[in-house]
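*Asks:* Let me begin by handing over the structure; questions about it come next.
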Amino acid sequence: MTLQRTLSILKPDVTRRHLTGKVNAKIEESGLRIVAQKRLHLSKVQAQLFYAVHAERAFFNDLCDFMCAGPVVVQVLEGENAVAHYREVMGATNPANAAEGTIRRDFAESIEANSVHGSDSAENAQIEIAFFFSQLEIVG
Ligand code: ADP
Ligand code: MG
């Protein structure tokens with residue numbers, strides 16, 4: 001059994017609609033544990049830095065505007081195979097393609113305002129966790 005950690009963000013469409021608790025209930029019911037958490041209002045520059053891998057994509061500027069349009073909740077999730085497990089709990093990027101019972105199917109507003117972020121690999125999880133949290137803030 002290998003415990004893994006992944007970065008989760010509850011996006012501004014979730015905080016705006018007061019769905020933080022409902023989304024986190026799904027995460028915790030899936031067996032993932034929230035081992036670090038904070039509420040932030042990202043600046044445009046911080047959003048651009050976080051999503052730098054998407055800088056060349058057509059949706060980059062709109063995505064960064066959306067991510068700093070309201071508060072987000074950033075959190076570290078821990079569990080067996082947490083990166084892939086959380087991606088399953090989130091559902092497909094486009095909520096129209098997301099499987100029944102996933103967060104994005106149940107809560108997302110659009111392909112952009114799709115409620116949650118999750119790291120896409122163990123390597124990126126480490127980079128993304130370090131972007132937001134120090135070791136002292138992660139309590140396993
Ligand atoms: P995921 O969040 O599922 O890993 P990506 O890493 O491909 O998806 O994209 C990052 C975020 O950019 C998505 O969660 C979504 O908010 C936004 N996004 C992705 N594709 C599009 C698109 N075609 N149009 C608008 N926004 C998009
Ligand atoms: Mg991604």
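Labeling convention for the structure tokens: chains A, B, ... as they appear, residues from 1 per chain, ligands from 1 in order of appearance.
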Determine, counting only C-alpha atoms, which protein, DNA and RNA residues have an atom within 9 Å of an atom of A:Ile103; residues of the same chain fewer than 5 positions away are not included. Present the result as number ranges by chain.
*Replies:* A: 23, 26-27, 89-91, 95, 98, 108, 114-116
*Asks:* Please run DSSP on the backbone and report, as a PyMOL selection string, all residues within stretch 33-139 of chain A that come out as strand (DSSP E).
*Replies:* chain A and resi 33-40+72-80+116-118
*Asks:* Given only C-alpha atoms and all ligand atoms as the basis, pick out the residue of A:Thr2, A:Ser8, A:Ser110, A:Gln46 nearest to ligand 2.
*Replies:*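 Once distances to ligand 2 are computed over only C-alpha atoms and all ligand atoms, the minimum belongs to A:Ser8.
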*Asks:* May I have the residues within 7 Å of A:Val74 as a ChimeraX atom specification, using only C-alpha atoms and disregarding those fewer than 6 positions away in the same chain?
*Replies:* /A:8-10,37-39
*Asks:* Just the number, please: distance in Å from atom 17 (C, counted along the ligand's line) of ligand 1 to atom CA of A:Glu112, one decimal.
*Replies:* 4.5 Å
*Asks:* Can I get the residues of chain A within 12 Å of ligand 1, each with the closest pair of atoms and their distance in Å to one decimal, using only C-alpha atoms and all ligand atoms, sorted chain first then ascending number, as JSON lines?
*Replies:*
{"residue": "A:Leu7", "atom": "CA", "partner": "ligand 1", "partner_atom_place_in_ligand_line": "4 (O)", "distance": 11.3}
{"residue": "A:Ser8", "atom": "CA", "partner": "ligand 1", "partner_atom_place_in_ligand_line": "2 (O)", "distance": 10.1}
{"residue": "A:Ile9", "atom": "CA", "partner": "ligand 1", "partner_atom_place_in_ligand_line": "2 (O)", "distance": 9.7}
{"residue": "A:Leu10", "atom": "CA", "partner": "ligand 1", "partner_atom_place_in_ligand_line": "14 (O)", "distance": 10.8}
{"residue": "A:Lys11", "atom": "CA", "partner": "ligand 1", "partner_atom_place_in_ligand_line": "16 (O)", "distance": 8.6}
{"residue": "A:Pro12", "atom": "CA", "partner": "ligand 1", "partner_atom_place_in_ligand_line": "16 (O)", "distance": 10.6}
{"residue": "A:Asp13", "atom": "CA", "partner": "ligand 1", "partner_atom_place_in_ligand_line": "16 (O)", "distance": 10.5}
{"residue": "A:Ala47", "atom": "CA", "partner": "ligand 1", "partner_atom_place_in_ligand_line": "11 (C)", "distance": 11.2}
{"residue": "A:Gln48", "atom": "CA", "partner": "ligand 1", "partner_atom_place_in_ligand_line": "12 (O)", "distance": 11.6}
{"residue": "A:Phe50", "atom": "CA", "partner": "ligand 1", "partner_atom_place_in_ligand_line": "10 (C)", "distance": 10.4}
{"residue": "A:Tyr51", "atom": "CA", "partner": "ligand 1", "partner_atom_place_in_ligand_line": "10 (C)", "distance": 7.5}
{"residue": "A:Ala52", "atom": "CA", "partner": "ligand 1", "partner_atom_place_in_ligand_line": "10 (C)", "distance": 10.4}
{"residue": "A:Val53", "atom": "CA", "partner": "ligand 1", "partner_atom_place_in_ligand_line": "6 (O)", "distance": 8.6}
{"residue": "A:His54", "atom": "CA", "partner": "ligand 1", "partner_atom_place_in_ligand_line": "10 (C)", "distance": 7.3}
{"residue": "A:Ala55", "atom": "CA", "partner": "ligand 1", "partner_atom_place_in_ligand_line": "12 (O)", "distance": 10.5}
{"residue": "A:Glu56", "atom": "CA", "partner": "ligand 1", "partner_atom_place_in_ligand_line": "12 (O)", "distance": 11.7}
{"residue": "A:Arg57", "atom": "CA", "partner": "ligand 1", "partner_atom_place_in_ligand_line": "20 (N)", "distance": 8.5}
{"residue": "A:Ala58", "atom": "CA", "partner": "ligand 1", "partner_atom_place_in_ligand_line": "24 (N)", "distance": 7.7}
{"residue": "A:Phe59", "atom": "CA", "partner": "ligand 1", "partner_atom_place_in_ligand_line": "25 (C)", "distance": 5.0}
{"residue": "A:Phe60", "atom": "CA", "partner": "ligand 1", "partner_atom_place_in_ligand_line": "12 (O)", "distance": 7.2}
{"residue": "A:Asn61", "atom": "CA", "partner": "ligand 1", "partner_atom_place_in_ligand_line": "26 (N)", "distance": 9.5}
{"residue": "A:Asp62", "atom": "CA", "partner": "ligand 1", "partner_atom_place_in_ligand_line": "26 (N)", "distance": 7.4}
{"residue": "A:Leu63", "atom": "CA", "partner": "ligand 1", "partner_atom_place_in_ligand_line": "17 (C)", "distance": 5.8}
{"residue": "A:Cys64", "atom": "CA", "partner": "ligand 1", "partner_atom_place_in_ligand_line": "12 (O)", "distance": 8.7}
{"residue": "A:Asp65", "atom": "CA", "partner": "ligand 1", "partner_atom_place_in_ligand_line": "16 (O)", "distance": 10.8}
{"residue": "A:Phe66", "atom": "CA", "partner": "ligand 1", "partner_atom_place_in_ligand_line": "16 (O)", "distance": 8.4}
{"residue": "A:Met67", "atom": "CA", "partner": "ligand 1", "partner_atom_place_in_ligand_line": "16 (O)", "distance": 8.4}
{"residue": "A:Val83", "atom": "CA", "partner": "ligand 1", "partner_atom_place_in_ligand_line": "4 (O)", "distance": 11.2}
{"residue": "A:Ala84", "atom": "CA", "partner": "ligand 1", "partner_atom_place_in_ligand_line": "4 (O)", "distance": 11.3}
{"residue": "A:Tyr86", "atom": "CA", "partner": "ligand 1", "partner_atom_place_in_ligand_line": "3 (O)", "distance": 11.0}
{"residue": "A:Arg87", "atom": "CA", "partner": "ligand 1", "partner_atom_place_in_ligand_line": "3 (O)", "distance": 7.8}
{"residue": "A:Glu88", "atom": "CA", "partner": "ligand 1", "partner_atom_place_in_ligand_line": "3 (O)", "distance": 10.3}
{"residue": "A:Val89", "atom": "CA", "partner": "ligand 1", "partner_atom_place_in_ligand_line": "3 (O)", "distance": 11.4}
{"residue": "A:Met90", "atom": "CA", "partner": "ligand 1", "partner_atom_place_in_ligand_line": "3 (O)", "distance": 8.2}
{"residue": "A:Gly91", "atom": "CA", "partner": "ligand 1", "partner_atom_place_in_ligand_line": "3 (O)", "distance": 7.8}
{"residue": "A:Ala92", "atom": "CA", "partner": "ligand 1", "partner_atom_place_in_ligand_line": "3 (O)", "distance": 6.0}
{"residue": "A:Thr93", "atom": "CA", "partner": "ligand 1", "partner_atom_place_in_ligand_line": "3 (O)", "distance": 3.8}
{"residue": "A:Asn94", "atom": "CA", "partner": "ligand 1", "partner_atom_place_in_ligand_line": "20 (N)", "distance": 7.4}
{"residue": "A:Pro95", "atom": "CA", "partner": "ligand 1", "partner_atom_place_in_ligand_line": "3 (O)", "distance": 9.7}
{"residue": "A:Asn97", "atom": "CA", "partner": "ligand 1", "partner_atom_place_in_ligand_line": "3 (O)", "distance": 11.1}
{"residue": "A:Ala98", "atom": "CA", "partner": "ligand 1", "partner_atom_place_in_ligand_line": "3 (O)", "distance": 10.2}
{"residue": "A:Ile103", "atom": "CA", "partner": "ligand 1", "partner_atom_place_in_ligand_line": "3 (O)", "distance": 11.6}
{"residue": "A:Arg104", "atom": "CA", "partner": "ligand 1", "partner_atom_place_in_ligand_line": "3 (O)", "distance": 9.6}
{"residue": "A:Ala108", "atom": "CA", "partner": "ligand 1", "partner_atom_place_in_ligand_line": "16 (O)", "distance": 9.7}
{"residue": "A:Glu109", "atom": "CA", "partner": "ligand 1", "partner_atom_place_in_ligand_line": "16 (O)", "distance": 10.2}
{"residue": "A:Ser110", "atom": "CA", "partner": "ligand 1", "partner_atom_place_in_ligand_line": "25 (C)", "distance": 8.1}
{"residue": "A:Ile111", "atom": "CA", "partner": "ligand 1", "partner_atom_place_in_ligand_line": "26 (N)", "distance": 5.3}
{"residue": "A:Glu112", "atom": "CA", "partner": "ligand 1", "partner_atom_place_in_ligand_line": "16 (O)", "distance": 3.7}
{"residue": "A:Ala113", "atom": "CA", "partner": "ligand 1", "partner_atom_place_in_ligand_line": "16 (O)", "distance": 5.6}
{"residue": "A:Asn114", "atom": "CA", "partner": "ligand 1", "partner_atom_place_in_ligand_line": "16 (O)", "distance": 5.5}
{"residue": "A:Ser115", "atom": "CA", "partner": "ligand 1", "partner_atom_place_in_ligand_line": "16 (O)", "distance": 7.8}
{"residue": "A:Val116", "atom": "CA", "partner": "ligand 1", "partner_atom_place_in_ligand_line": "14 (O)", "distance": 6.9}
{"residue": "A:His117", "atom": "CA", "partner": "ligand 1", "partner_atom_place_in_ligand_line": "2 (O)", "distance": 5.0}
{"residue": "A:Gly118", "atom": "CA", "partner": "ligand 1", "partner_atom_place_in_ligand_line": "4 (O)", "distance": 6.3}
{"residue": "A:Ser119", "atom": "CA", "partner": "ligand 1", "partner_atom_place_in_ligand_line": "4 (O)", "distance": 6.8}
{"residue": "A:Asp120", "atom": "CA", "partner": "ligand 1", "partner_atom_place_in_ligand_line": "4 (O)", "distance": 6.1}
{"residue": "A:Ser121", "atom": "CA", "partner": "ligand 1", "partner_atom_place_in_ligand_line": "4 (O)", "distance": 9.9}
{"residue": "A:Asn124", "atom": "CA", "partner": "ligand 1", "partner_atom_place_in_ligand_line": "4 (O)", "distance": 11.0}
{"residue": "A:Ala125", "atom": "CA", "partner": "ligand 1", "partner_atom_place_in_ligand_line": "4 (O)", "distance": 11.6}
*Asks:* How many Å separate atom CA of A:Gln126 from atom CA of A:Arg33?
*Replies:*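 Interatomic distance here is 16.6 Å.
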*Asks:* Nearest to ligand 2 among A:Glu128, A:Leu3, A:Pro71, A:Ile34, with distances taken over only C-alpha atoms and all ligand atoms: which residue is it?
*Replies:*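 With only C-alpha atoms and all ligand atoms as the atom set, the closest residue is A:Glu128.
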*Asks:* With only C-alpha atoms as the atoms that count, which of A:Cys68, A:Gly140, A:Ile129, A:Glu123 lies nearest to A:Lys44?
*Replies:*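 Using only C-alpha atoms, the shortest distance to A:Lys44 belongs to A:Cys68.
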*Asks:* Calculated over only C-alpha atoms, which of the candidates A:Val76, A:Ala69, A:Leu42, A:Ile127 has the smallest distance to A:Gln4?
*Replies:*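 Smallest separation from A:Gln4 among the options: A:Val76.
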*Asks:* What is the atom CA of A:Val14-atom CA of A:Phe107 distance in Å, reported with one decimal?
*Replies:*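 Atom CA of A:Val14 sits 8.0 Å away from atom CA of A:Phe107.
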*Asks:* Out of chain A, which residues get helix (DSSP H, G or I) from DSSP, as a ChimeraX atom specification?
*Replies:* /A:12-16,20-29,44-50,52-54,60-67,82-90,95-97,103-107,122-132,135-137
*Asks:* A:Gly21, A:His41, A:Arg5, A:Leu77: which is nearest A:Ala122, counting only C-alpha atoms?
*Replies:*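 Looking at the shortest contact to A:Ala122, the residue is A:Arg5.
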